[in-house]
Amino acid sequence: MIKTQGPDKQLLSANSNHIRTCHTLFRLAHDAKAEYMVETGFCGDPDSAYLAHVTSSAHCLCLSCNNDFTAYGKAFFKTLNVPNVECLTCNQVLHLQQALAKLPHLDFAVFNSNMDTQFQLDCFQACLEKKHQHSIFVMKQIHSKNMDKVWNTVKNNPEVSVSLDLFSIGILLFRPDLQKRKYILRK
């Protein structure tokens with residue numbers, strides 16, 4: 001048996017939490033039968049690799065604000081032999097809108113917390129234009145310094161019918177048949 005202490009134990013716990021988040025994202029996208037997905041904020045995250053396997057026809061855009069992250073993401077997905085993830089650099093709203101124009105609609109979106117607040121809100125707004133009533137948006141690390149303000153703003157958007165605060169992630173639903181509700185679910 002291997003004993004872990006100190007930082008190694010924390011690293012294992014952090015990796016375990018990240019894998020749980022990946023599994024949650026996969027299950028949400030799979031249950032929604034998502035075909036067109038976007039991950040904003042980072043290229044080369046295992047999240048997109050999980051999402052790319054939701055269906056055989058899945059198409060995942062991985063949008064980064066940094067050319068180095070985009071290059072890393074392309075190499076990462078090539079190494080994993082995941083051809084249905086496209087990595088692009090989108091450091092302006094115009095780039096983001098051009099990238100999203102490639103998609104007929106948006107079934108699933110994941111927003112990472114490593115972008116500035118205004119750009120996160122711009123990404124959310126651009127993705128809203130492609131959503132439909134069964135789209136699901138997920139925001140990661142919603143209680144971190146950068147994302148707390150973003151989360152509080154987007155969950156109050158009039159197009160959001162239900163928000164679910166799971167502490168580590170927030171889930172937004174857009175179904176008009178649901179009454180506007182905000183849920184906080186934590187263990």
# chains A, B, ... in the order shown; residues from 1 in each chain; ligands from 1
$ residues_around --residues "Ser113 of chain A" --least-positions-apart "3" --cutoff "8 Å" --atoms "only C-alpha atoms" --output "MDAnalysis selection string"
chainID A and resid 41 139:142 144 146:147
$ select_by_dssp --residues "segment 4-131 of chain A" --states "helix (DSSP H, G or I)" --output "number ranges by chain"
A: 6-31, 46-51, 67-79, 93-100, 117-128
$ write_last_selection --atoms "C-alpha atoms" --output "PDB file, in the first residue's frame"
ATOM      1  CA  GLY A   6       1.131  16.419   2.454  1.00  0.00           C
ATOM      2  CA  PRO A   7       0.986  17.847  -1.071  1.00  0.00           C
ATOM      3  CA  ASP A   8       0.776  14.400  -2.715  1.00  0.00           C
ATOM      4  CA  LYS A   9      -2.445  13.671  -0.858  1.00  0.00           C
ATOM      5  CA  GLN A  10      -3.812  17.097  -1.828  1.00  0.00           C
ATOM      6  CA  LEU A  11      -2.829  16.462  -5.448  1.00  0.00           C
ATOM      7  CA  LEU A  12      -4.635  13.111  -5.438  1.00  0.00           C
ATOM      8  CA  SER A  13      -7.712  14.763  -3.970  1.00  0.00           C
ATOM      9  CA  ALA A  14      -7.597  17.583  -6.555  1.00  0.00           C
ATOM     10  CA  ASN A  15      -7.202  15.083  -9.407  1.00  0.00           C
ATOM     11  CA  SER A  16     -10.033  12.987  -7.981  1.00  0.00           C
ATOM     12  CA  ASN A  17     -12.301  16.052  -7.853  1.00  0.00           C
ATOM     13  CA  HIS A  18     -11.366  16.956 -11.427  1.00  0.00           C
ATOM     14  CA  ILE A  19     -12.121  13.437 -12.665  1.00  0.00           C
ATOM     15  CA  ARG A  20     -15.497  13.575 -10.894  1.00  0.00           C
ATOM     16  CA  THR A  21     -16.221  16.865 -12.656  1.00  0.00           C
ATOM     17  CA  CYS A  22     -15.261  15.305 -16.012  1.00  0.00           C
ATOM     18  CA  HIS A  23     -17.621  12.395 -15.338  1.00  0.00           C
ATOM     19  CA  THR A  24     -20.422  14.771 -14.358  1.00  0.00           C
ATOM     20  CA  LEU A  25     -19.929  16.816 -17.536  1.00  0.00           C
ATOM     21  CA  PHE A  26     -19.924  13.633 -19.635  1.00  0.00           C
ATOM     22  CA  ARG A  27     -23.133  12.343 -18.030  1.00  0.00           C
ATOM     23  CA  LEU A  28     -24.900  15.687 -18.463  1.00  0.00           C
ATOM     24  CA  ALA A  29     -23.892  15.973 -22.120  1.00  0.00           C
ATOM     25  CA  HIS A  30     -24.643  12.301 -22.800  1.00  0.00           C
ATOM     26  CA  ASP A  31     -28.117  12.496 -21.240  1.00  0.00           C
ATOM     27  CA  PRO A  46      -9.613  16.409 -20.185  1.00  0.00           C
ATOM     28  CA  ASP A  47     -13.157  17.853 -20.094  1.00  0.00           C
ATOM     29  CA  SER A  48     -13.190  18.269 -23.875  1.00  0.00           C
ATOM     30  CA  ALA A  49     -11.774  14.778 -24.379  1.00  0.00           C
ATOM     31  CA  TYR A  50     -14.650  13.381 -22.319  1.00  0.00           C
ATOM     32  CA  LEU A  51     -17.193  15.510 -24.183  1.00  0.00           C
ATOM     33  CA  ASN A  67      -2.063  30.864 -28.639  1.00  0.00           C
ATOM     34  CA  ASP A  68       0.208  28.708 -26.450  1.00  0.00           C
ATOM     35  CA  PHE A  69      -2.791  26.982 -24.819  1.00  0.00           C
ATOM     36  CA  THR A  70      -4.335  26.450 -28.252  1.00  0.00           C
ATOM     37  CA  ALA A  71      -1.141  24.844 -29.565  1.00  0.00           C
ATOM     38  CA  TYR A  72      -0.938  22.676 -26.440  1.00  0.00           C
ATOM     39  CA  GLY A  73      -4.580  21.644 -26.886  1.00  0.00           C
ATOM     40  CA  LYS A  74      -4.063  20.658 -30.518  1.00  0.00           C
ATOM     41  CA  ALA A  75      -1.086  18.490 -29.564  1.00  0.00           C
ATOM     42  CA  PHE A  76      -2.957  17.037 -26.578  1.00  0.00           C
ATOM     43  CA  PHE A  77      -5.982  15.946 -28.626  1.00  0.00           C
ATOM     44  CA  LYS A  78      -3.774  14.648 -31.434  1.00  0.00           C
ATOM     45  CA  THR A  79      -1.886  12.503 -28.906  1.00  0.00           C
ATOM     46  CA  VAL A  93     -15.583  38.698 -28.921  1.00  0.00           C
ATOM     47  CA  LEU A  94     -15.437  38.859 -32.726  1.00  0.00           C
ATOM     48  CA  HIS A  95     -13.220  35.738 -32.823  1.00  0.00           C
ATOM     49  CA  LEU A  96     -15.643  34.000 -30.492  1.00  0.00           C
ATOM     50  CA  GLN A  97     -18.635  34.861 -32.669  1.00  0.00           C
ATOM     51  CA  GLN A  98     -16.788  33.645 -35.782  1.00  0.00           C
ATOM     52  CA  ALA A  99     -15.943  30.345 -34.062  1.00  0.00           C
ATOM     53  CA  LEU A 100     -19.529  29.849 -32.904  1.00  0.00           C
ATOM     54  CA  THR A 117     -14.860  38.590 -15.843  1.00  0.00           C
ATOM     55  CA  GLN A 118     -15.939  40.715 -18.797  1.00  0.00           C
ATOM     56  CA  PHE A 119     -14.702  38.206 -21.366  1.00  0.00           C
ATOM     57  CA  GLN A 120     -16.543  35.429 -19.496  1.00  0.00           C
ATOM     58  CA  LEU A 121     -19.743  37.454 -19.705  1.00  0.00           C
ATOM     59  CA  ASP A 122     -19.098  38.121 -23.407  1.00  0.00           C
ATOM     60  CA  CYS A 123     -18.597  34.371 -23.978  1.00  0.00           C
ATOM     61  CA  PHE A 124     -21.848  33.623 -22.178  1.00  0.00           C
ATOM     62  CA  GLN A 125     -23.718  36.217 -24.246  1.00  0.00           C
ATOM     63  CA  ALA A 126     -22.281  34.896 -27.523  1.00  0.00           C
ATOM     64  CA  CYS A 127     -23.207  31.317 -26.569  1.00  0.00           C
ATOM     65  CA  LEU A 128     -26.745  32.424 -25.681  1.00  0.00           C
TER      66      LEU A 128
END
$ select_by_dssp --residues "chain A" --states "strand (DSSP E or B)" --output "ChimeraX atom specification"
/A:36-40,59-64,85-89,106-111,131-140,162-165,169-173,181-184
$ closest_residue --among "A:Asn81, A:Ser135, A:Asn66, A:Ser161" --to "Glu35 of chain A" --atoms "only C-alpha atoms"
A:Ser135
$ atom_distance --atom1 "atom CA of Gln133 of chain A" --atom2 "atom CA of Val160 of chain A"
9.8 Å
$ atom_distance --atom1 "atom CA of Ile171 of chain A" --atom2 "atom CA of Ala58 of chain A"
20.3 Å
$ atom_distance --atom1 "atom CA of Ala34 of chain A" --atom2 "atom CA of Leu106 of chain A"
8.3 Å
$ residues_around --residues "Leu185 of chain A" --least-positions-apart "4" --cutoff "12 Å" --atoms "only C-alpha atoms" --output "list of chain:residue names"
A:Ser163, A:Leu164, A:Asp165, A:Leu166, A:Phe167, A:Ser168, A:Ile169, A:Gly170, A:Ile171
$ write_last_selection --atoms "C-alpha atoms" --output "compact mmCIF listing (two decimals), in the first residue's frame"
# COMPACT_ATOMS: atom_id res chain seq x y z
CA SER A 163 -29.72 27.42 -12.09
CA LEU A 164 -28.14 24.66 -10.02
CA ASP A 165 -25.28 25.56 -7.67
CA LEU A 166 -23.32 22.37 -6.96
CA PHE A 167 -20.55 24.44 -5.33
CA SER A 168 -17.75 23.34 -7.67
CA ILE A 169 -19.88 23.81 -10.79
CA GLY A 170 -23.01 25.68 -11.73
CA ILE A 171 -25.53 24.35 -14.24
$ closest_residue --among "A:Asn156, A:Gln179, A:Asn91, A:Ser64" --to "Phe111 of chain A" --atoms "only C-alpha atoms"
A:Ser64
$ residues_around --residues "His134 of chain A" --least-positions-apart "4" --cutoff "10 Å" --atoms "only C-alpha atoms" --output "PyMOL selection string"
chain A and resi 32-34+106-108+173-176
